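*Asks:* Sending over a structure as structure tokens; questions will come in a sec.
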Amino acid sequence: ELKVEQNPLFLSMQEGKNYTIYCNYSTTSDRLYWYRQDPGKSLESLFVLLSNGAVKQEGRLMASLDTKARLSTLHITAAVHDLSATYFCAVDQETSGSRLTFGEGTQLTVNP
Amino acid sequence: DTGVSQDPRHKITKRGQNVTFRCDPISEHNRLYWYRQTLGQGPEFLTYFQNEAQLEKSRLLSDRFSAERPKGSFSTLEIQRTEQGDSAMYLCASSARRLAGAPNEQFFGPGTRLTVL
């Protein structure tokens, strides 16, 4: 059974600081997704990572994928309060209709 | 608005009652997924349709749950004899036909929050 683990689960950081969220998964997959969720809201797609070594950047967020290590990272640069949200990584299961298996989420709070 | 829509957004019911939720996917998307999310957790897969065919069901989907997607357009999720443990956010997502090796990016609706008293 595919397992997806994120760490840390809770992250409190100051504005202007950098930090990285880690996402490990247990079986081979070439497709990894990052989503953002604001409290009481649905999930917003941030990044789709399709192959080993893939790197994508949008504003202060950068995501990367290492399929050999079964690891993805979401790096936050010079955090701002608007980035406060819960971030989920999810892995695509090719053999199961491409259902997504999600990590537990990382609740990020950026303090002024 | 061309995104995924869900109705109702909130539902409060008493234990033992039946509830039905509706999801309208993005119009050109042939795949539709239902997930359940409890507080502080990531979404968990419930079931998946390709067009009108229900191709997979999670073991989380007990016999009190049933989902349909008539004509391959909107979908409904019904929960019979609701229990307090059914309280959760029910999320619907859709995606487009996928070529081999291509991503299956899923777009999520706003969710239906169910509270069972």
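Following the order of the structure tokens, first chain is A, next is B, and so on, with residues numbered from 1 inside each chain and ligands from 1 in the order they appear.
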With only C-alpha atoms counted and 8 Å as the cut-off, give the residues of chain A in contact with chain B, each with its shortest interatomic distance in Å and the pair that gives it, as JSON lines.
*Replies:*
```
{"residue": "A:Arg31", "atom": "CA", "partner": "B:Pro103", "partner_atom": "CA", "distance": 6.6}
{"residue": "A:Tyr33", "atom": "CA", "partner": "B:Glu105", "partner_atom": "CA", "distance": 7.8}
{"residue": "A:Lys41", "atom": "CA", "partner": "B:Pro110", "partner_atom": "CA", "distance": 6.3}
{"residue": "A:Ser42", "atom": "CA", "partner": "B:Pro110", "partner_atom": "CA", "distance": 4.8}
{"residue": "A:Leu43", "atom": "CA", "partner": "B:Phe108", "partner_atom": "CA", "distance": 6.0}
{"residue": "A:Glu44", "atom": "CA", "partner": "B:Phe108", "partner_atom": "CA", "distance": 7.3}
{"residue": "A:Ser45", "atom": "CA", "partner": "B:Phe107", "partner_atom": "CA", "distance": 7.1}
{"residue": "A:Val48", "atom": "CA", "partner": "B:Glu105", "partner_atom": "CA", "distance": 7.2}
{"residue": "A:Leu50", "atom": "CA", "partner": "B:Pro103", "partner_atom": "CA", "distance": 6.9}
{"residue": "A:Phe88", "atom": "CA", "partner": "B:Gly42", "partner_atom": "CA", "distance": 7.1}
{"residue": "A:Asp92", "atom": "CA", "partner": "B:Asn104", "partner_atom": "CA", "distance": 7.6}
{"residue": "A:Ser96", "atom": "CA", "partner": "B:Glu56", "partner_atom": "CA", "distance": 7.5}
{"residue": "A:Gly97", "atom": "CA", "partner": "B:Tyr48", "partner_atom": "CA", "distance": 7.4}
{"residue": "A:Ser98", "atom": "CA", "partner": "B:Asn104", "partner_atom": "CA", "distance": 6.6}
{"residue": "A:Arg99", "atom": "CA", "partner": "B:Phe45", "partner_atom": "CA", "distance": 6.8}
{"residue": "A:Leu100", "atom": "CA", "partner": "B:Phe45", "partner_atom": "CA", "distance": 7.1}
{"residue": "A:Thr101", "atom": "CA", "partner": "B:Glu44", "partner_atom": "CA", "distance": 7.0}
{"residue": "A:Phe102", "atom": "CA", "partner": "B:Gly42", "partner_atom": "CA", "distance": 5.6}
{"residue": "A:Gly103", "atom": "CA", "partner": "B:Gly42", "partner_atom": "CA", "distance": 5.9}
{"residue": "A:Glu104", "atom": "CA", "partner": "B:Gly42", "partner_atom": "CA", "distance": 4.8}
{"residue": "A:Gly105", "atom": "CA", "partner": "B:Gly42", "partner_atom": "CA", "distance": 6.0}
```
*Asks:* Please list as a ChimeraX atom specification every residue within 12 Å of Val55 in chain A, counting only C-alpha atoms and excluding residues in the same chain fewer than 4 positions away.
*Replies:* /A:32-33,47-51,61-66,72-75
*Asks:* From the DSSP assignment of the backbone, select every residue of chain A that is strand (DSSP E), and format the answer as a PDB file with C-alpha atoms, in the first residue's frame.
*Replies:*
```
ATOM      1  CA  VAL A   4       2.972   9.337   1.735  1.00  0.00           C
ATOM      2  CA  GLU A   5       4.601  11.122   4.642  1.00  0.00           C
ATOM      3  CA  GLN A   6       5.219  14.797   5.099  1.00  0.00           C
ATOM      4  CA  ASN A   7       7.360  16.619   7.584  1.00  0.00           C
ATOM      5  CA  PHE A  10       3.364  21.999  11.727  1.00  0.00           C
ATOM      6  CA  LEU A  11       5.644  24.848  10.791  1.00  0.00           C
ATOM      7  CA  SER A  12       5.697  28.296  12.318  1.00  0.00           C
ATOM      8  CA  MET A  13       8.103  30.701  10.740  1.00  0.00           C
ATOM      9  CA  GLN A  14       8.852  34.374  10.609  1.00  0.00           C
ATOM     10  CA  TYR A  19      12.244  26.750   4.972  1.00  0.00           C
ATOM     11  CA  THR A  20      11.678  23.382   3.291  1.00  0.00           C
ATOM     12  CA  ILE A  21       8.798  20.917   3.568  1.00  0.00           C
ATOM     13  CA  TYR A  22       9.607  17.289   2.804  1.00  0.00           C
ATOM     14  CA  CYS A  23       7.416  14.637   1.217  1.00  0.00           C
ATOM     15  CA  ASN A  24       8.457  10.965   1.188  1.00  0.00           C
ATOM     16  CA  TYR A  25       6.509   8.217  -0.536  1.00  0.00           C
ATOM     17  CA  LEU A  32       3.837  14.076  -7.669  1.00  0.00           C
ATOM     18  CA  TYR A  33       1.502  16.958  -6.959  1.00  0.00           C
ATOM     19  CA  TRP A  34       1.531  19.793  -4.452  1.00  0.00           C
ATOM     20  CA  TYR A  35      -1.701  21.427  -3.289  1.00  0.00           C
ATOM     21  CA  ARG A  36      -2.490  24.329  -1.024  1.00  0.00           C
ATOM     22  CA  GLN A  37      -5.550  24.445   1.244  1.00  0.00           C
ATOM     23  CA  LEU A  43      -7.512  22.349  -2.561  1.00  0.00           C
ATOM     24  CA  GLU A  44      -5.676  24.547  -5.035  1.00  0.00           C
ATOM     25  CA  SER A  45      -3.178  22.921  -7.364  1.00  0.00           C
ATOM     26  CA  LEU A  46       0.317  24.384  -7.034  1.00  0.00           C
ATOM     27  CA  PHE A  47       2.733  22.111  -8.884  1.00  0.00           C
ATOM     28  CA  VAL A  48       2.771  18.969 -10.988  1.00  0.00           C
ATOM     29  CA  LEU A  49       6.141  17.194 -11.038  1.00  0.00           C
ATOM     30  CA  VAL A  55      11.966  21.530 -10.560  1.00  0.00           C
ATOM     31  CA  LYS A  56       9.175  24.087 -10.729  1.00  0.00           C
ATOM     32  CA  GLN A  57       8.955  27.555  -9.255  1.00  0.00           C
ATOM     33  CA  GLU A  58       6.105  29.943  -8.703  1.00  0.00           C
ATOM     34  CA  LEU A  61       7.620  28.513  -3.744  1.00  0.00           C
ATOM     35  CA  MET A  62       9.850  25.989  -5.471  1.00  0.00           C
ATOM     36  CA  ALA A  63       9.131  22.274  -5.736  1.00  0.00           C
ATOM     37  CA  SER A  64      11.486  19.481  -6.750  1.00  0.00           C
ATOM     38  CA  LEU A  65      11.267  15.736  -7.263  1.00  0.00           C
ATOM     39  CA  ASP A  66      13.834  12.969  -6.753  1.00  0.00           C
ATOM     40  CA  LEU A  71      11.355  12.436  -2.134  1.00  0.00           C
ATOM     41  CA  SER A  72       9.859  15.764  -3.065  1.00  0.00           C
ATOM     42  CA  THR A  73      10.594  19.089  -1.432  1.00  0.00           C
ATOM     43  CA  LEU A  74       8.665  22.350  -1.299  1.00  0.00           C
ATOM     44  CA  HIS A  75      11.009  25.220  -0.567  1.00  0.00           C
ATOM     45  CA  ILE A  76       9.731  28.524   0.717  1.00  0.00           C
ATOM     46  CA  ALA A  85      -2.010  27.617   4.695  1.00  0.00           C
ATOM     47  CA  THR A  86      -1.837  23.827   4.768  1.00  0.00           C
ATOM     48  CA  TYR A  87       0.274  22.260   2.032  1.00  0.00           C
ATOM     49  CA  PHE A  88      -0.311  18.726   0.829  1.00  0.00           C
ATOM     50  CA  CYS A  89       1.762  16.532  -1.409  1.00  0.00           C
ATOM     51  CA  ALA A  90       0.033  13.726  -3.283  1.00  0.00           C
ATOM     52  CA  VAL A  91       1.247  10.826  -5.352  1.00  0.00           C
ATOM     53  CA  ASP A  92      -0.427   9.396  -8.420  1.00  0.00           C
ATOM     54  CA  LEU A 100      -4.196  10.499  -5.494  1.00  0.00           C
ATOM     55  CA  THR A 101      -2.743   9.392  -2.182  1.00  0.00           C
ATOM     56  CA  PHE A 102      -2.146  12.405   0.038  1.00  0.00           C
ATOM     57  CA  THR A 106       1.972  20.624   6.620  1.00  0.00           C
ATOM     58  CA  GLN A 107       0.234  23.474   8.408  1.00  0.00           C
ATOM     59  CA  LEU A 108       2.326  26.565   7.750  1.00  0.00           C
ATOM     60  CA  THR A 109       1.955  29.736   9.789  1.00  0.00           C
ATOM     61  CA  VAL A 110       4.009  32.764   8.796  1.00  0.00           C
ATOM     62  CA  ASN A 111       4.277  35.310  11.579  1.00  0.00           C
TER      63      ASN A 111
END
```
*Asks:* Nearest residue to Val4 in chain B out of B:Glu52, B:Glu78, B:Asp86, B:Glu28, using only C-alpha atoms?
*Replies:*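 Nearest candidate to Val4 in chain B out of B:Glu52, B:Glu78, B:Asp86, B:Glu28: B:Glu28.
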*Asks:* Can you tell me, as a ChimeraX atom specification, what residues are no more than 7 Å from range 11-19 of chain B when counting only C-alpha atoms, ignoring any on the same chain fewer than 5 positions away?
*Replies:* /B:78-84,113-117
*Asks:* Closest to Ala88 in chain B among B:His29, B:Gln54, B:Thr38, B:Asp24, using only C-alpha atoms?
*Replies:*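 So, comparing all the options, the nearest one is B:Thr38.
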*Asks:* To one decimal place, how far is CA of Glu15 in chain A from CA of Ala79 in chain A in Å?
*Replies:* 4.9 Å
*Asks:* Quote the spacing between CA of Glu68 in chain B and CA of Thr2 in chain B in Å to one decimal place.
*Replies:* 21.6 Å
*Asks:* Among the residues of chain B, find those DSSP assigns to helix (DSSP H, G or I) from the backbone and print them as a list of chain:residue names.
*Replies:*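 The residues of chain B classed as helix (DSSP H, G or I) are B:Pro70, B:Lys71, B:Gly72, B:Gln84, B:Gly85, B:Asp86.
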